[in-house]
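Heads up, entry05.cif below (mmCIF, C-alpha atoms):
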```cif
data_final
loop_
_atom_site.label_atom_id
_atom_site.label_comp_id
_atom_site.auth_asym_id
_atom_site.auth_seq_id
_atom_site.Cartn_x
_atom_site.Cartn_y
_atom_site.Cartn_z
CA MET F 1 53.52 88.04 -33.51
CA ASN F 2 55.70 87.32 -30.50
CA ILE F 3 53.45 88.20 -27.53
CA ALA F 4 54.49 88.68 -23.89
CA PHE F 5 51.48 88.42 -21.56
CA PHE F 6 51.74 89.51 -17.90
CA ALA F 7 48.69 88.34 -15.95
CA SER F 8 47.49 86.45 -12.88
CA SER F 9 47.68 82.81 -13.99
CA LEU F 10 47.13 80.61 -17.00
CA VAL F 11 47.62 77.27 -15.26
CA SER F 12 45.53 77.79 -12.12
CA ALA F 13 41.93 78.92 -11.69
CA TYR F 14 42.35 79.13 -7.91
CA TRP F 15 41.11 82.60 -6.82
CA ASN F 16 41.54 83.50 -10.48
CA GLY F 17 38.25 84.06 -12.26
CA ALA F 18 39.98 85.19 -15.47
CA ALA F 19 41.71 81.84 -16.05
CA THR F 20 39.15 80.56 -18.57
CA TYR F 21 39.31 83.86 -20.46
CA TYR F 22 43.10 83.82 -20.66
CA ARG F 23 43.14 80.20 -21.77
CA GLY F 24 40.57 80.76 -24.48
CA ILE F 25 42.21 83.89 -25.89
CA VAL F 26 45.78 82.54 -25.75
CA ARG F 27 44.87 79.17 -27.28
CA ALA F 28 42.97 80.87 -30.11
CA MET F 29 45.81 83.32 -30.79
CA HIS F 30 48.26 80.40 -30.93
CA ALA F 31 45.99 78.71 -33.48
CA ARG F 32 46.26 81.84 -35.62
CA GLY F 33 50.05 81.56 -35.69
CA HIS F 34 51.08 83.79 -32.78
CA ARG F 35 53.63 82.81 -30.10
CA VAL F 36 52.64 83.66 -26.53
CA THR F 37 54.84 83.72 -23.44
CA PHE F 38 52.64 83.98 -20.35
CA TYR F 39 54.33 85.48 -17.29
CA GLU F 40 52.60 84.74 -13.98
CA PRO F 41 53.77 85.26 -10.38
CA ASP F 42 54.18 82.51 -7.83
CA ALA F 43 51.48 83.92 -5.54
CA PHE F 44 48.24 83.12 -3.68
CA LYS F 45 49.04 79.38 -3.61
CA ARG F 46 47.95 79.15 -7.24
CA GLN F 47 50.86 76.93 -8.23
CA LYS F 48 49.82 74.47 -5.49
CA HIS F 49 46.28 74.45 -6.91
CA ARG F 50 47.11 74.05 -10.60
CA ASP F 51 44.35 72.53 -12.67
CA MET F 52 46.38 72.10 -15.85
CA ASP F 53 49.94 71.39 -16.93
CA ASP F 54 51.89 73.87 -19.03
CA PRO F 55 50.02 73.82 -22.36
CA PRO F 56 51.62 73.24 -25.78
CA TRP F 57 50.03 76.48 -27.05
CA ALA F 58 51.90 78.85 -24.71
CA LYS F 59 55.20 79.12 -22.89
CA VAL F 60 54.49 79.65 -19.19
CA VAL F 61 57.06 81.52 -17.08
CA VAL F 62 56.37 81.43 -13.34
CA TYR F 63 58.42 84.11 -11.63
CA SER F 64 59.15 84.95 -8.02
CA ALA F 65 57.41 88.08 -6.80
CA GLU F 66 59.30 88.30 -3.53
CA SER F 67 61.06 91.52 -4.55
CA GLU F 68 60.68 94.36 -7.04
CA ALA F 69 64.09 93.52 -8.50
CA GLU F 70 62.92 90.01 -9.39
CA VAL F 71 59.81 91.40 -11.06
CA LEU F 72 61.83 93.90 -13.09
CA ARG F 73 64.23 91.18 -14.24
CA THR F 74 61.22 89.22 -15.47
CA VAL F 75 59.84 92.21 -17.35
CA GLU F 76 63.20 92.66 -19.07
CA GLN F 77 62.87 89.15 -20.52
CA ALA F 78 59.99 90.45 -22.66
CA ARG F 79 62.07 93.12 -24.37
CA GLY F 80 61.85 92.78 -28.14
CA ALA F 81 58.37 91.24 -28.18
CA ASP F 82 56.01 92.51 -30.87
CA LEU F 83 53.22 92.91 -28.33
CA VAL F 84 53.46 93.28 -24.55
CA VAL F 85 50.25 92.90 -22.53
CA LYS F 86 49.83 93.97 -18.92
CA ALA F 87 46.56 92.54 -17.64
CA SER F 88 44.76 93.97 -14.65
CA GLY F 89 44.55 92.03 -11.42
CA VAL F 90 47.90 90.24 -11.40
CA GLY F 91 47.55 90.60 -7.64
CA VAL F 92 51.15 91.39 -6.74
CA HIS F 93 53.26 94.38 -7.89
CA ASP F 94 50.54 95.56 -10.26
CA ALA F 95 51.59 99.22 -10.10
CA LEU F 96 55.23 98.30 -10.70
CA LEU F 97 54.34 96.14 -13.69
CA GLU F 98 52.10 98.84 -15.15
CA ARG F 99 55.04 101.27 -15.14
CA ALA F 100 57.75 98.79 -16.12
CA VAL F 101 56.14 97.36 -19.25
CA LEU F 102 55.91 100.86 -20.73
CA ASP F 103 59.73 100.93 -20.81
CA LEU F 104 59.51 98.15 -23.43
CA GLN F 105 57.52 100.37 -25.81
CA GLY F 106 59.15 101.18 -29.13
CA PRO F 107 58.72 101.26 -32.92
CA GLY F 108 58.51 97.46 -33.07
CA THR F 109 56.68 96.88 -29.80
CA LEU F 110 53.08 97.67 -28.94
CA VAL F 111 52.26 97.82 -25.22
CA VAL F 112 48.63 97.18 -24.28
CA TYR F 113 46.76 97.42 -20.99
CA TRP F 114 44.17 94.62 -20.88
CA ASP F 115 41.57 95.19 -18.20
CA VAL F 116 39.75 92.03 -17.14
CA ASP F 117 37.76 93.93 -14.50
CA ALA F 118 37.20 97.31 -16.12
CA PRO F 119 34.18 98.41 -14.03
CA ALA F 120 36.12 97.92 -10.79
CA THR F 121 39.29 99.52 -12.21
CA LEU F 122 37.40 102.57 -13.46
CA ASP F 123 35.53 102.97 -10.16
CA ARG F 124 38.88 102.85 -8.37
CA MET F 125 40.46 105.51 -10.60
CA HIS F 126 37.41 107.77 -10.44
CA HIS F 127 37.44 107.68 -6.64
CA ASP F 128 41.20 108.27 -6.31
CA ALA F 129 42.77 111.08 -8.31
CA HIS F 130 46.19 109.79 -7.25
CA ASP F 131 45.67 106.20 -8.40
CA PRO F 132 49.01 105.18 -9.97
CA LEU F 133 47.35 103.83 -13.13
CA ARG F 134 45.61 107.11 -14.04
CA PRO F 135 48.64 108.98 -15.45
CA LEU F 136 49.79 105.86 -17.32
CA VAL F 137 46.56 105.25 -19.26
CA PRO F 138 47.40 107.74 -22.08
CA ARG F 139 50.83 106.16 -22.55
CA TYR F 140 49.55 102.72 -23.52
CA ASP F 141 49.13 102.11 -27.23
CA LEU F 142 45.72 100.61 -26.59
CA VAL F 143 43.38 99.57 -23.79
CA LEU F 144 41.48 96.29 -24.20
CA THR F 145 38.75 95.09 -21.86
CA TYR F 146 36.79 91.88 -21.53
CA GLY F 147 33.53 93.70 -21.16
CA GLY F 148 31.78 96.95 -20.53
CA GLY F 149 30.87 98.07 -24.05
CA GLU F 150 30.47 101.74 -24.86
CA PRO F 151 30.17 102.93 -21.21
CA VAL F 152 33.60 101.48 -20.38
CA SER F 153 35.19 102.59 -23.67
CA SER F 154 33.98 106.16 -23.15
CA ALA F 155 35.18 106.18 -19.55
CA TYR F 156 38.68 105.05 -20.53
CA LYS F 157 38.87 107.60 -23.35
CA ALA F 158 37.86 110.32 -20.90
CA LEU F 159 40.93 109.33 -18.87
CA GLY F 160 43.11 109.83 -21.94
CA ALA F 161 43.22 106.34 -23.48
CA ARG F 162 44.21 106.45 -27.16
CA ASP F 163 41.50 103.88 -27.78
CA CYS F 164 39.57 101.28 -25.77
CA ILE F 165 38.05 98.20 -27.36
CA PRO F 166 36.17 95.35 -25.66
CA ILE F 167 37.23 91.78 -26.43
CA TYR F 168 34.37 89.97 -24.75
CA ASN F 169 34.39 86.69 -22.88
CA ALA F 170 33.52 83.71 -25.04
CA LEU F 171 33.42 79.92 -25.25
CA ASP F 172 36.30 77.55 -25.85
CA PRO F 173 34.39 74.53 -27.21
CA THR F 174 37.43 72.29 -26.68
CA THR F 175 37.19 72.73 -22.90
CA HIS F 176 33.52 73.53 -22.19
CA PHE F 177 30.88 71.29 -23.76
CA PRO F 178 27.89 69.10 -22.86
CA VAL F 179 28.65 66.05 -20.71
CA ALA F 180 26.61 63.43 -18.88
CA PRO F 181 25.09 64.50 -15.54
CA GLU F 182 26.92 63.55 -12.35
CA PRO F 183 25.06 62.60 -9.13
CA ARG F 184 27.28 64.81 -6.93
CA PHE F 185 25.90 67.91 -8.69
CA GLU F 186 22.24 66.94 -8.67
CA GLY F 187 19.90 69.77 -7.73
CA ASP F 188 17.46 72.33 -9.04
CA LEU F 189 19.67 75.43 -9.23
CA GLY F 190 23.44 75.78 -9.10
CA PHE F 191 25.56 78.90 -8.69
CA LEU F 192 29.33 79.04 -9.10
CA GLY F 193 31.34 82.08 -7.97
CA ASN F 194 33.96 83.13 -5.43
CA ARG F 195 32.94 85.28 -2.46
CA LEU F 196 33.90 88.86 -3.33
CA PRO F 197 32.87 92.16 -1.70
CA ASP F 198 30.90 93.51 -4.66
CA ARG F 199 29.20 90.17 -5.32
CA GLU F 200 28.12 89.03 -1.85
CA ALA F 201 25.02 91.22 -1.49
CA ARG F 202 23.79 90.16 -4.92
CA VAL F 203 24.32 86.48 -4.06
CA GLU F 204 22.23 87.04 -0.94
CA GLU F 205 19.46 88.54 -3.08
CA PHE F 206 19.44 86.36 -6.18
CA PHE F 207 20.57 83.01 -4.79
CA LEU F 208 20.05 82.73 -1.03
CA ARG F 209 16.73 84.58 -1.06
CA ALA F 210 15.45 82.32 -3.83
CA ALA F 211 16.58 79.27 -1.87
CA ALA F 212 14.76 80.49 1.24
CA ALA F 213 11.59 81.02 -0.82
CA LEU F 214 11.69 77.46 -2.19
CA PRO F 215 12.51 75.17 0.76
CA GLY F 216 11.50 72.08 -1.21
CA ARG F 217 14.06 72.71 -3.94
CA ARG F 218 17.77 71.81 -3.86
CA PHE F 219 20.38 74.52 -4.36
CA LEU F 220 24.13 74.11 -5.00
CA LEU F 221 26.76 76.76 -4.19
CA GLY F 222 30.28 76.38 -5.55
CA GLY F 223 33.26 78.70 -5.16
CA SER F 224 35.81 79.76 -2.57
CA GLY F 225 35.16 81.73 0.60
CA TRP F 226 31.54 80.88 1.45
CA GLN F 227 32.21 78.33 4.20
CA ASP F 228 31.11 80.62 7.07
CA LYS F 229 28.19 82.22 5.24
CA PRO F 230 24.78 81.55 6.85
CA MET F 231 22.64 79.59 4.35
CA PRO F 232 19.17 78.04 4.19
CA PRO F 233 19.22 74.29 4.92
CA ASN F 234 18.39 73.42 1.30
CA VAL F 235 21.70 74.91 0.07
CA ARG F 236 24.63 72.51 -0.29
CA TYR F 237 28.04 74.19 -0.27
CA LEU F 238 30.62 72.51 -2.50
CA GLY F 239 33.70 74.69 -1.94
CA HIS F 240 36.11 75.33 -4.80
CA VAL F 241 34.96 73.57 -7.97
CA PHE F 242 37.88 72.81 -10.27
CA THR F 243 37.68 73.86 -13.91
CA ALA F 244 37.59 70.23 -15.03
CA ASP F 245 34.31 69.83 -13.14
CA HIS F 246 32.56 72.91 -14.55
CA ASN F 247 30.94 71.01 -17.40
CA ALA F 248 29.34 68.50 -15.06
CA PHE F 249 28.32 71.28 -12.68
CA ASN F 250 26.57 73.10 -15.53
CA CYS F 251 24.98 70.01 -17.10
CA THR F 252 23.54 68.31 -14.01
CA PRO F 253 21.12 70.68 -12.19
CA LEU F 254 17.84 71.69 -13.77
CA ALA F 255 19.28 75.20 -14.21
CA VAL F 256 22.33 77.26 -13.29
CA LEU F 257 22.45 80.87 -12.16
CA ASN F 258 24.63 83.79 -13.24
CA ILE F 259 25.03 86.69 -10.81
CA SER F 260 26.99 89.69 -12.04
CA ARG F 261 29.18 91.57 -9.65
CA GLU F 262 27.69 94.92 -8.65
CA SER F 263 30.10 97.03 -10.71
CA MET F 264 29.65 94.92 -13.83
CA ALA F 265 25.87 95.02 -13.55
CA ARG F 266 26.04 98.82 -13.22
CA TYR F 267 28.15 99.33 -16.35
CA GLY F 268 26.36 96.61 -18.31
CA PHE F 269 27.65 94.84 -21.43
CA SER F 270 29.73 92.57 -19.20
CA PRO F 271 28.78 88.92 -19.67
CA ALA F 272 30.72 86.78 -17.21
CA THR F 273 32.82 83.85 -18.33
CA ARG F 274 30.29 81.59 -16.60
CA VAL F 275 27.59 82.72 -19.05
CA PHE F 276 29.48 81.30 -22.01
CA GLU F 277 30.62 78.22 -20.07
CA ALA F 278 26.98 77.41 -19.28
CA ALA F 279 25.85 78.04 -22.85
CA GLY F 280 28.66 75.82 -24.12
CA ALA F 281 27.37 73.03 -21.90
CA ALA F 282 23.83 73.55 -23.26
CA ALA F 283 22.72 74.38 -19.73
CA CYS F 284 19.60 76.34 -18.94
CA LEU F 285 20.88 79.60 -17.51
CA ILE F 286 18.96 82.05 -15.33
CA THR F 287 20.81 85.37 -15.20
CA ASP F 288 20.36 88.59 -13.32
CA ALA F 289 19.25 91.42 -15.59
CA TRP F 290 21.97 93.67 -17.04
CA GLU F 291 22.08 96.18 -19.87
CA GLY F 292 23.36 94.78 -23.14
CA LEU F 293 22.25 91.17 -22.58
CA GLU F 294 20.33 91.23 -25.87
CA GLN F 295 23.62 91.80 -27.72
CA PHE F 296 24.69 88.29 -26.78
CA PHE F 297 21.59 86.12 -26.16
CA GLU F 298 17.84 86.38 -26.67
CA PRO F 299 16.12 86.72 -23.29
CA GLY F 300 13.39 84.17 -22.70
CA ALA F 301 14.51 81.93 -25.55
CA GLU F 302 18.25 81.45 -25.07
CA MET F 303 18.50 82.61 -21.46
CA LEU F 304 16.06 83.32 -18.63
CA VAL F 305 16.27 86.69 -16.88
CA ALA F 306 15.45 87.73 -13.31
CA ARG F 307 15.58 91.16 -11.65
CA ASN F 308 15.62 89.89 -8.06
CA GLY F 309 15.49 86.76 -5.92
CA ASP F 310 11.71 86.49 -6.15
CA GLU F 311 11.94 86.37 -9.93
CA VAL F 312 14.67 83.72 -9.74
CA ALA F 313 12.31 81.63 -7.61
CA HIS F 314 9.46 82.22 -10.07
CA GLN F 315 11.60 81.23 -13.05
CA LEU F 316 12.67 78.06 -11.27
CA GLU F 317 9.12 77.15 -10.24
CA SER F 318 7.87 77.51 -13.82
CA LEU F 319 10.72 75.45 -15.27
CA ASP F 320 10.43 71.81 -16.29
CA THR F 321 12.92 69.49 -17.96
CA ASP F 322 11.64 70.09 -21.49
CA LYS F 323 11.74 73.88 -21.20
CA ALA F 324 15.17 73.79 -19.59
CA ARG F 325 16.49 71.62 -22.39
CA ALA F 326 15.01 73.91 -25.08
CA VAL F 327 16.56 77.03 -23.53
CA GLY F 328 19.95 75.36 -23.11
CA GLU F 329 20.04 74.00 -26.66
CA ALA F 330 19.12 77.42 -28.09
CA ALA F 331 21.95 79.05 -26.12
CA TYR F 332 24.33 76.35 -27.32
CA ARG F 333 23.53 77.04 -30.97
CA ARG F 334 23.97 80.79 -30.49
CA VAL F 335 27.28 80.59 -28.65
CA LEU F 336 28.84 78.30 -31.26
CA ALA F 337 27.69 80.55 -34.08
CA GLU F 338 28.83 83.88 -32.63
CA HIS F 339 30.69 83.71 -29.34
CA THR F 340 33.72 81.42 -29.42
CA TYR F 341 37.28 82.48 -28.70
CA ASP F 342 38.05 81.91 -32.38
CA HIS F 343 35.63 84.76 -33.09
CA ARG F 344 37.33 86.93 -30.45
CA ALA F 345 40.85 86.12 -31.70
CA ALA F 346 39.89 87.12 -35.24
CA GLN F 347 38.62 90.43 -33.87
CA LEU F 348 41.80 90.92 -31.85
CA ASP F 349 43.97 90.20 -34.88
CA ALA F 350 42.14 92.85 -36.88
CA VAL F 351 42.55 95.40 -34.07
CA LEU F 352 46.25 94.68 -33.63
CA GLU F 353 46.94 94.73 -37.35
CA GLY F 354 45.47 98.22 -37.54
CA ARG F 355 47.54 99.43 -34.58
CA THR F 356 50.74 97.89 -36.00
CA MET F 357 50.21 99.69 -39.31
CA GLU F 358 49.61 102.99 -37.49
CA THR F 359 52.80 102.56 -35.46
CA ALA F 360 54.84 101.72 -38.57
CA THR F 361 53.73 104.94 -40.29
#
```
Could you show the structure in this file as structure tokens?
Amino acid sequence: MNIAFFASSLVSAYWNGAATYYRGIVRAMHARGHRVTFYEPDAFKRQKHRDMDDPPWAKVVVYSAESEAEVLRTVEQARGADLVVKASGVGVHDALLERAVLDLQGPGTLVVYWDVDAPATLDRMHHDAHDPLRPLVPRYDLVLTYGGGEPVSSAYKALGARDCIPIYNALDPTTHFPVAPEPRFEGDLGFLGNRLPDREARVEEFFLRAAAALPGRRFLLGGSGWQDKPMPPNVRYLGHVFTADHNAFNCTPLAVLNISRESMARYGFSPATRVFEAAGAAACLITDAWEGLEQFFEPGAEMLVARNGDEVAHQLESLDTDKARAVGEAAYRRVLAEHTYDHRAAQLDAVLEGRTMETAT
């Protein structure tokens, strides 16, 4: 298939939490024989903070988003593609793109809305009857999401979606894998995540509260936007951690922490990209509790679970090097067996093949 993909960025993870997901999916689809053109706007200083060159497995088109006319000219370049994807959260001209790509729909072209933040998108549409995406949902051939399971699928179908299927986050073992520890990331517990409105309170509870309860332990905080956040003295703030450093960040501390955003925790079935990155590095992961976790990893054996900051502190206090290694190695075996982007691309191929046959008839 010739695929046109409109999304935030493939080449920069700067203020772009979906970068790893896009890279894994697109690389795996290329390996299955598909040709992907990835259209991304020159916005949010992402091009100045690139962490990879244009890859050989996708054609990257960086377009100016200074005017609607420029955006529409870019959309027109995708006419004739077999599949056109509009991802959520492009960040500029989203409503325009959501309307414009539907003009490319036809007998030989499927147009898909791919929601990489479905809980937040659904909350937005439920709270605003005039949200511009709401009347467009039934017009898309298919809605894909990177999480949310049955609660999200049912919610999208209630809004008129023809179908909604989750293509979950996963591991790209060519980019995320075990490496030697690095002294700059030494500590007892590390957390990596940008400062966002529906994450901040949960970071205060699960990370900062645990740090305050264990003043003798060393905590690492990575991600953008936390520089003015009051923190206990045993927390070291690292700022933005580039994708190339994620493996070392995951492999060095005794354990790493996953904290779901509030909306994702509420819907459940939404494992963050960081979960699979950590498992791919054979790291010992402590995660906040969320519904559906057992679908991906075995709690207690492949991942440690905490319901609040006190439980994070308890898990960390009871953890030694041997236990941490055993949990990390178990997660590593599970993720390679069931949760790579090759697995997700095979699922996506099957879904798209079915939709293409339906359209042809």
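Of the residues under consideration (F:Tyr63, F:Trp57, F:Trp15, F:Trp290), F:Tyr63 shows the shortest atom-to-atom contact distance to F:Asp42 when counting all atoms listed in the file.
For F:Ala210, the set of protein, DNA and RNA residues having any atom at most 8 Å away, when counting only C-alpha atoms and skipping those fewer than 2 positions along the same chain, is Glu205, Phe206, Phe207, Leu208, Ala212, Ala213, Leu214, Gly309, Asp310, Val312 and Ala313 of chain F.
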Exercise. Counting all atoms listed in the file, which of F:Pro299, F:Thr20, F:Tyr156, F:Asn169 gets nearest to F:His126?
Worked result: F:Tyr156
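Residues near the point (37.9, 82.0, -28.7), at a distance of 8 Å or less over all atoms listed in the file, make up Gly24, Ile25, Arg27, Ala28, Ala170, Leu171, Asp172, His339, Thr340, Tyr341, Asp342, His343, Arg344 and Ala345 of chain F.
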For this session: Tell me which protein, DNA and RNA residues are within 6 Å of F:Ala306, counting all atoms listed in the file, leaving out same-chain ones fewer than 3 positions away, and put them as JSON, numbers by chain.
Result: {"F": [288, 289, 311, 312]}
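Taking only C-alpha atoms into account, F:Ala279 lies nearest to F:Val335 out of the set F:Val235, F:Val335, F:Ala265, F:Ile259.
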For this session: Report the residues retrieved by the PyMOL selection byres ((chain F and resi 123) around 12) from the displayed file, expressed as an NGL selection string.
Result: :F and (117-122 or 124-129 or 131 or 134 or 152 or 155-156 or 198 or 262-264 or 266-267)
Problem set entry | Output of the PyMOL selection byres ((chain F and resi 247) around 10), listed as a ChimeraX atom specification | /F:175-182,243-246,248-252,277-278,280-283
For this session: Tell me which of F:Ser270, F:Ser260, F:Asn194, F:Thr174 sits closest to F:His240, counting all atoms listed in the file.
Result: F:Asn194
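Here the PyMOL selection byres ((chain F and resi 46) around 12) captures the residues Ser8, Ser9, Leu10, Val11, Ser12, Ala13, Tyr14, Trp15, Asn16, Gly17, Ala19, Glu40, Pro41, Asp42, Ala43, Phe44, Lys45, Gln47, Lys48, His49, Arg50, Asp51, Met52, Val62, Val90 and Gly91 of chain F.
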Save stretch 249-269 of chain F to a file: N, CA and C atoms, as an mmCIF file, in the first residue's frame.
```cif
data_model
loop_
_atom_site.group_PDB
_atom_site.id
_atom_site.type_symbol
_atom_site.label_atom_id
_atom_site.label_comp_id
_atom_site.auth_asym_id
_atom_site.auth_seq_id
_atom_site.Cartn_x
_atom_site.Cartn_y
_atom_site.Cartn_z
ATOM 1 N N PHE F 249 18.726 5.372 30.468
ATOM 2 C CA PHE F 249 17.871 5.847 31.561
ATOM 3 C C PHE F 249 17.098 4.681 32.174
ATOM 4 N N ASN F 250 16.607 3.771 31.352
ATOM 5 C CA ASN F 250 15.838 2.640 31.855
ATOM 6 C C ASN F 250 16.715 1.584 32.518
ATOM 7 N N CYS F 251 17.936 1.401 32.029
ATOM 8 C CA CYS F 251 18.791 0.309 32.496
ATOM 9 C C CYS F 251 19.603 0.644 33.750
ATOM 10 N N THR F 252 19.753 1.902 34.082
ATOM 11 C CA THR F 252 20.682 2.281 35.144
ATOM 12 C C THR F 252 20.083 2.290 36.551
ATOM 13 N N PRO F 253 18.949 2.953 36.807
ATOM 14 C CA PRO F 253 18.422 2.959 38.181
ATOM 15 C C PRO F 253 17.972 1.562 38.604
ATOM 16 N N LEU F 254 17.774 1.407 39.894
ATOM 17 C CA LEU F 254 17.258 0.132 40.400
ATOM 18 C C LEU F 254 15.902 -0.189 39.772
ATOM 19 N N ALA F 255 15.057 0.816 39.616
ATOM 20 C CA ALA F 255 13.741 0.633 38.997
ATOM 21 C C ALA F 255 13.333 1.917 38.313
ATOM 22 N N VAL F 256 12.377 1.808 37.388
ATOM 23 C CA VAL F 256 11.790 2.983 36.741
ATOM 24 C C VAL F 256 10.287 2.954 36.983
ATOM 25 N N LEU F 257 9.669 4.121 36.863
ATOM 26 C CA LEU F 257 8.270 4.288 37.227
ATOM 27 C C LEU F 257 7.453 4.687 36.006
ATOM 28 N N ASN F 258 6.288 4.074 35.852
ATOM 29 C CA ASN F 258 5.315 4.522 34.857
ATOM 30 C C ASN F 258 4.146 5.174 35.578
ATOM 31 N N ILE F 259 3.758 6.360 35.122
ATOM 32 C CA ILE F 259 2.594 7.061 35.672
ATOM 33 C C ILE F 259 1.669 7.409 34.513
ATOM 34 N N SER F 260 0.504 6.790 34.484
ATOM 35 C CA SER F 260 -0.458 7.068 33.424
ATOM 36 C C SER F 260 -1.048 8.456 33.610
ATOM 37 N N ARG F 261 -1.373 9.100 32.514
ATOM 38 C CA ARG F 261 -2.141 10.323 32.608
ATOM 39 C C ARG F 261 -3.530 10.008 33.146
ATOM 40 N N GLU F 262 -4.164 10.995 33.765
ATOM 41 C CA GLU F 262 -5.429 10.753 34.462
ATOM 42 C C GLU F 262 -6.479 10.144 33.540
ATOM 43 N N SER F 263 -6.622 10.674 32.337
ATOM 44 C CA SER F 263 -7.650 10.174 31.421
ATOM 45 C C SER F 263 -7.370 8.745 30.993
ATOM 46 N N MET F 264 -6.106 8.416 30.772
ATOM 47 C CA MET F 264 -5.767 7.053 30.357
ATOM 48 C C MET F 264 -5.982 6.059 31.498
ATOM 49 N N ALA F 265 -5.655 6.465 32.710
ATOM 50 C CA ALA F 265 -5.893 5.587 33.855
ATOM 51 C C ALA F 265 -7.391 5.328 34.029
ATOM 52 N N ARG F 266 -8.204 6.350 33.746
ATOM 53 C CA ARG F 266 -9.657 6.212 33.933
ATOM 54 C C ARG F 266 -10.265 5.262 32.906
ATOM 55 N N TYR F 267 -9.839 5.339 31.656
ATOM 56 C CA TYR F 267 -10.363 4.436 30.634
ATOM 57 C C TYR F 267 -9.734 3.041 30.736
ATOM 58 N N GLY F 268 -8.499 2.972 31.203
ATOM 59 C CA GLY F 268 -7.813 1.687 31.281
ATOM 60 C C GLY F 268 -7.351 1.198 29.920
ATOM 61 N N PHE F 269 -6.707 0.030 29.910
ATOM 62 C CA PHE F 269 -6.252 -0.614 28.673
ATOM 63 C C PHE F 269 -5.400 0.337 27.830
#
```
